[in-house]
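Visitor: Below you'll find the structure I mean.
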Amino acid sequence: MKAALLVESLTGHTWRAAEMIAANVQQEGWQITGLSPMRKPDHAAIQSADVVMIGTWVHGAFVIGQAPWGIGAINSLPSIGGKKAVTFCTFALNPGRTLAAMDRAVARLGADVIGGMALHRGKLAAHADEFAARLVGALAAA
């Protein structure tokens, strides 16, 4: 399986999560075609990937108004019709409805969104492991 990762990161947590996820799926025999900032997507990596992973961080006022910071960048991505896609976000307190908003935006790009996960920034390693395991398991069962 080949995967491309597109990431919107401010403090580095989301980027580190993407690197951990990439390393975890590579251990399962996957090939990473690219890891790039969402605002400068690697079009060749997306084209050659079977799965596109899209990640951003959550912004909001403590426990209200949470939203994906990268929603504008997601909406500006090229069509990824015919690709499977998964979303992930990093958060400090509460992800709110961030994943649902991301899933809708990615689906509008034509992708088959197969799920997503919110990763607590204080538990990145464990959550990245879980995310990768779920993804590999879901696609192996399909």
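As shown in the structure tokens, the chain order sets the letters A, B, ...; within each chain, residues go from 1, and ligands are also counted from 1 in the order they appear.
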With 8 Å as the cut-off and only C-alpha atoms counted, what is the closest atom pair between each nearby residue of range 13-99 of chain A and range 103-111 of chain A? Distances in Å to one decimal, ordered by chain and number, as a tab-separated table.
Guide:
```
residue	atom	partner	partner_atom	distance
A:Ile71	CA	A:Ala105	CA	7.3
A:Ile74	CA	A:Ala105	CA	6.7
A:Asn75	CA	A:Ala105	CA	6.3
A:Leu77	CA	A:Leu109	CA	7.5
A:Pro78	CA	A:Leu109	CA	7.1
A:Ser79	CA	A:Leu109	CA	4.8
A:Ile80	CA	A:Ala111	CA	5.4
A:Gly81	CA	A:Gly110	CA	4.0
A:Gly82	CA	A:Ala111	CA	6.0
A:Lys83	CA	A:Ala111	CA	5.2
A:Lys84	CA	A:Ala111	CA	5.7
A:Ala85	CA	A:Ala111	CA	6.0
A:Val86	CA	A:Asp103	CA	7.9
A:Thr87	CA	A:Asp103	CA	6.7
A:Leu99	CA	A:Asp103	CA	6.0
```
Visitor: For the structure I just gave you, how does DSSP split chain A - specifically, which residues are strand (DSSP E)? Reply as a PyMOL selection string.
Guide: chain A and resi 2-7+31-37+51-61+64-68+84-91+112-120
Visitor: Determine the nearest neighbour of Val136 in chain A from the options A:Thr56, A:Met38, A:Ile114, A:Ser76, counting only C-alpha atoms.
Guide: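 With only C-alpha atoms as the atom set, the closest residue is A:Ile114.
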Visitor: Determine which residues of range 13-82 of chain A DSSP labels as alpha helix (DSSP H) from the backbone of this structure, then write them out as a ChimeraX atom specification.
Guide: /A:13-27,43-48,71-75
Visitor: Store the residues picked out above, limited to N, CA, C and O atoms, as an mmCIF file, in the first residue's frame.
Guide:
```
data_model
loop_
_atom_site.group_PDB
_atom_site.id
_atom_site.type_symbol
_atom_site.label_atom_id
_atom_site.label_comp_id
_atom_site.auth_asym_id
_atom_site.auth_seq_id
_atom_site.Cartn_x
_atom_site.Cartn_y
_atom_site.Cartn_z
ATOM 1 N N HIS A 13 3.491 19.597 16.657
ATOM 2 C CA HIS A 13 2.850 18.379 17.163
ATOM 3 C C HIS A 13 2.230 17.557 16.034
ATOM 4 O O HIS A 13 2.392 16.338 15.982
ATOM 5 N N THR A 14 1.525 18.220 15.142
ATOM 6 C CA THR A 14 0.847 17.501 14.070
ATOM 7 C C THR A 14 1.862 16.924 13.088
ATOM 8 O O THR A 14 1.694 15.807 12.595
ATOM 9 N N TRP A 15 2.921 17.661 12.832
ATOM 10 C CA TRP A 15 3.972 17.163 11.946
ATOM 11 C C TRP A 15 4.630 15.922 12.559
ATOM 12 O O TRP A 15 4.860 14.923 11.864
ATOM 13 N N ARG A 16 4.939 15.981 13.858
ATOM 14 C CA ARG A 16 5.537 14.820 14.545
ATOM 15 C C ARG A 16 4.588 13.631 14.514
ATOM 16 O O ARG A 16 5.021 12.492 14.309
ATOM 17 N N ALA A 17 3.298 13.890 14.710
ATOM 18 C CA ALA A 17 2.317 12.804 14.642
ATOM 19 C C ALA A 17 2.344 12.155 13.262
ATOM 20 O O ALA A 17 2.324 10.925 13.143
ATOM 21 N N ALA A 18 2.403 12.969 12.215
ATOM 22 C CA ALA A 18 2.455 12.440 10.845
ATOM 23 C C ALA A 18 3.709 11.598 10.628
ATOM 24 O O ALA A 18 3.647 10.527 10.008
ATOM 25 N N GLU A 19 4.837 12.071 11.136
ATOM 26 C CA GLU A 19 6.080 11.294 11.006
ATOM 27 C C GLU A 19 5.967 9.953 11.722
ATOM 28 O O GLU A 19 6.414 8.920 11.199
ATOM 29 N N MET A 20 5.359 9.954 12.911
ATOM 30 C CA MET A 20 5.183 8.698 13.660
ATOM 31 C C MET A 20 4.235 7.748 12.929
ATOM 32 O O MET A 20 4.494 6.547 12.849
ATOM 33 N N ILE A 21 3.146 8.285 12.414
ATOM 34 C CA ILE A 21 2.188 7.468 11.665
ATOM 35 C C ILE A 21 2.879 6.860 10.444
ATOM 36 O O ILE A 21 2.735 5.664 10.166
ATOM 37 N N ALA A 22 3.633 7.688 9.725
ATOM 38 C CA ALA A 22 4.352 7.202 8.545
ATOM 39 C C ALA A 22 5.313 6.074 8.917
ATOM 40 O O ALA A 22 5.357 5.040 8.240
ATOM 41 N N ALA A 23 6.061 6.256 9.993
ATOM 42 C CA ALA A 23 7.002 5.221 10.424
ATOM 43 C C ALA A 23 6.264 3.932 10.806
ATOM 44 O O ALA A 23 6.723 2.832 10.472
ATOM 45 N N ASN A 24 5.130 4.069 11.469
ATOM 46 C CA ASN A 24 4.365 2.889 11.880
ATOM 47 C C ASN A 24 3.822 2.110 10.686
ATOM 48 O O ASN A 24 3.874 0.883 10.676
ATOM 49 N N VAL A 25 3.290 2.801 9.686
ATOM 50 C CA VAL A 25 2.753 2.066 8.530
ATOM 51 C C VAL A 25 3.885 1.511 7.670
ATOM 52 O O VAL A 25 3.713 0.453 7.051
ATOM 53 N N GLN A 26 5.041 2.173 7.656
ATOM 54 C CA GLN A 26 6.189 1.630 6.930
ATOM 55 C C GLN A 26 6.634 0.303 7.552
ATOM 56 O O GLN A 26 7.048 -0.610 6.832
ATOM 57 N N GLN A 27 6.532 0.185 8.865
ATOM 58 C CA GLN A 27 6.875 -1.073 9.525
ATOM 59 C C GLN A 27 5.942 -2.205 9.109
ATOM 60 O O GLN A 27 6.291 -3.370 9.232
ATOM 61 N N HIS A 43 2.059 16.986 -5.381
ATOM 62 C CA HIS A 43 1.050 16.427 -6.292
ATOM 63 C C HIS A 43 1.437 15.046 -6.805
ATOM 64 O O HIS A 43 0.581 14.178 -6.950
ATOM 65 N N ALA A 44 2.716 14.835 -7.076
ATOM 66 C CA ALA A 44 3.167 13.526 -7.553
ATOM 67 C C ALA A 44 2.962 12.458 -6.476
ATOM 68 O O ALA A 44 2.556 11.332 -6.779
ATOM 69 N N ALA A 45 3.232 12.817 -5.226
ATOM 70 C CA ALA A 45 3.049 11.869 -4.120
ATOM 71 C C ALA A 45 1.583 11.504 -3.966
ATOM 72 O O ALA A 45 1.242 10.333 -3.740
ATOM 73 N N ILE A 46 0.706 12.494 -4.085
ATOM 74 C CA ILE A 46 -0.737 12.235 -3.979
ATOM 75 C C ILE A 46 -1.186 11.330 -5.121
ATOM 76 O O ILE A 46 -1.923 10.370 -4.919
ATOM 77 N N GLN A 47 -0.728 11.631 -6.333
ATOM 78 C CA GLN A 47 -1.119 10.865 -7.514
ATOM 79 C C GLN A 47 -0.725 9.398 -7.392
ATOM 80 O O GLN A 47 -1.487 8.513 -7.777
ATOM 81 N N SER A 48 0.457 9.122 -6.851
ATOM 82 C CA SER A 48 0.921 7.738 -6.787
ATOM 83 C C SER A 48 0.436 6.989 -5.545
ATOM 84 O O SER A 48 0.640 5.787 -5.437
ATOM 85 N N ILE A 71 -8.787 23.743 7.742
ATOM 86 C CA ILE A 71 -9.949 23.501 6.882
ATOM 87 C C ILE A 71 -9.847 24.296 5.581
ATOM 88 O O ILE A 71 -10.208 23.782 4.510
ATOM 89 N N GLY A 72 -9.343 25.504 5.621
ATOM 90 C CA GLY A 72 -9.170 26.284 4.405
ATOM 91 C C GLY A 72 -8.169 25.634 3.455
ATOM 92 O O GLY A 72 -8.379 25.604 2.241
ATOM 93 N N ALA A 73 -7.094 25.090 4.020
ATOM 94 C CA ALA A 73 -6.094 24.405 3.199
ATOM 95 C C ALA A 73 -6.667 23.123 2.610
ATOM 96 O O ALA A 73 -6.384 22.782 1.460
ATOM 97 N N ILE A 74 -7.491 22.414 3.378
ATOM 98 C CA ILE A 74 -8.134 21.206 2.853
ATOM 99 C C ILE A 74 -9.024 21.580 1.677
ATOM 100 O O ILE A 74 -8.995 20.939 0.623
ATOM 101 N N ASN A 75 -9.818 22.621 1.847
ATOM 102 C CA ASN A 75 -10.722 23.043 0.779
ATOM 103 C C ASN A 75 -9.989 23.485 -0.478
ATOM 104 O O ASN A 75 -10.567 23.478 -1.568
#
```
Visitor: Which neighbours of Ser36 in chain A fall inside 8 Å, counting only C-alpha atoms, when residues of the same chain fewer than 4 positions from it are skipped, and could you give them as a list in words?
Guide: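 The residues satisfying every condition are Leu5, Leu6, Val7, Lys40, Pro41 and Asp42 of chain A.
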Visitor: Those same residues, written as a PDB file, in the first residue's frame with N, CA and C atoms?
Guide:
```pdb
ATOM      1  N   LEU A   5       0.995  11.837   2.894  1.00  0.00           N
ATOM      2  CA  LEU A   5       0.517  12.576   4.058  1.00  0.00           C
ATOM      3  C   LEU A   5       0.577  14.065   3.771  1.00  0.00           C
ATOM      4  N   LEU A   6      -0.504  14.753   4.112  1.00  0.00           N
ATOM      5  CA  LEU A   6      -0.611  16.202   3.977  1.00  0.00           C
ATOM      6  C   LEU A   6      -0.916  16.762   5.354  1.00  0.00           C
ATOM      7  N   VAL A   7      -0.116  17.725   5.789  1.00  0.00           N
ATOM      8  CA  VAL A   7      -0.191  18.157   7.183  1.00  0.00           C
ATOM      9  C   VAL A   7      -0.193  19.678   7.308  1.00  0.00           C
ATOM     10  N   LYS A  40       1.344  23.299   0.508  1.00  0.00           N
ATOM     11  CA  LYS A  40       2.269  23.041  -0.599  1.00  0.00           C
ATOM     12  C   LYS A  40       2.268  21.541  -0.872  1.00  0.00           C
ATOM     13  N   PRO A  41       1.134  21.007  -1.328  1.00  0.00           N
ATOM     14  CA  PRO A  41       1.041  19.561  -1.490  1.00  0.00           C
ATOM     15  C   PRO A  41       1.965  19.027  -2.583  1.00  0.00           C
ATOM     16  N   ASP A  42       2.491  17.851  -2.343  1.00  0.00           N
ATOM     17  CA  ASP A  42       3.315  17.147  -3.314  1.00  0.00           C
ATOM     18  C   ASP A  42       2.356  16.393  -4.239  1.00  0.00           C
TER      19      ASP A  42
END
```
Visitor: Quick one: distance from CA of Leu93 in chain A to CA of Val51 in chain A in Å, one decimal?
Guide: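 Going from CA of Leu93 in chain A over to CA of Val51 in chain A covers 28.5 Å.
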Visitor: Restricting the calculation to only C-alpha atoms, which member of A:Leu139, A:Ala100, A:Arg121, A:Pro68 is positioned closest to Glu8 in chain A?
Guide: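 Closest residue, counting only C-alpha atoms: A:Pro68.
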Visitor: Env of Thr90 in chain A: 12 Å cut, atoms = only C-alpha atoms, seq-sep filter 4 positions within chain, self excluded. Answer as a VMD selection string.
Guide: chain A and resid 7 to 18 54 to 59 66 to 70 94 to 96 98 to 99 116 to 125 127 to 128 131
Visitor: Would you compute the distance between CA of Ala141 in chain A and CA of Gly29 in chain A? Give it in Å to one decimal.
Guide: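 Between CA of Ala141 in chain A and CA of Gly29 in chain A the gap is 15.8 Å.
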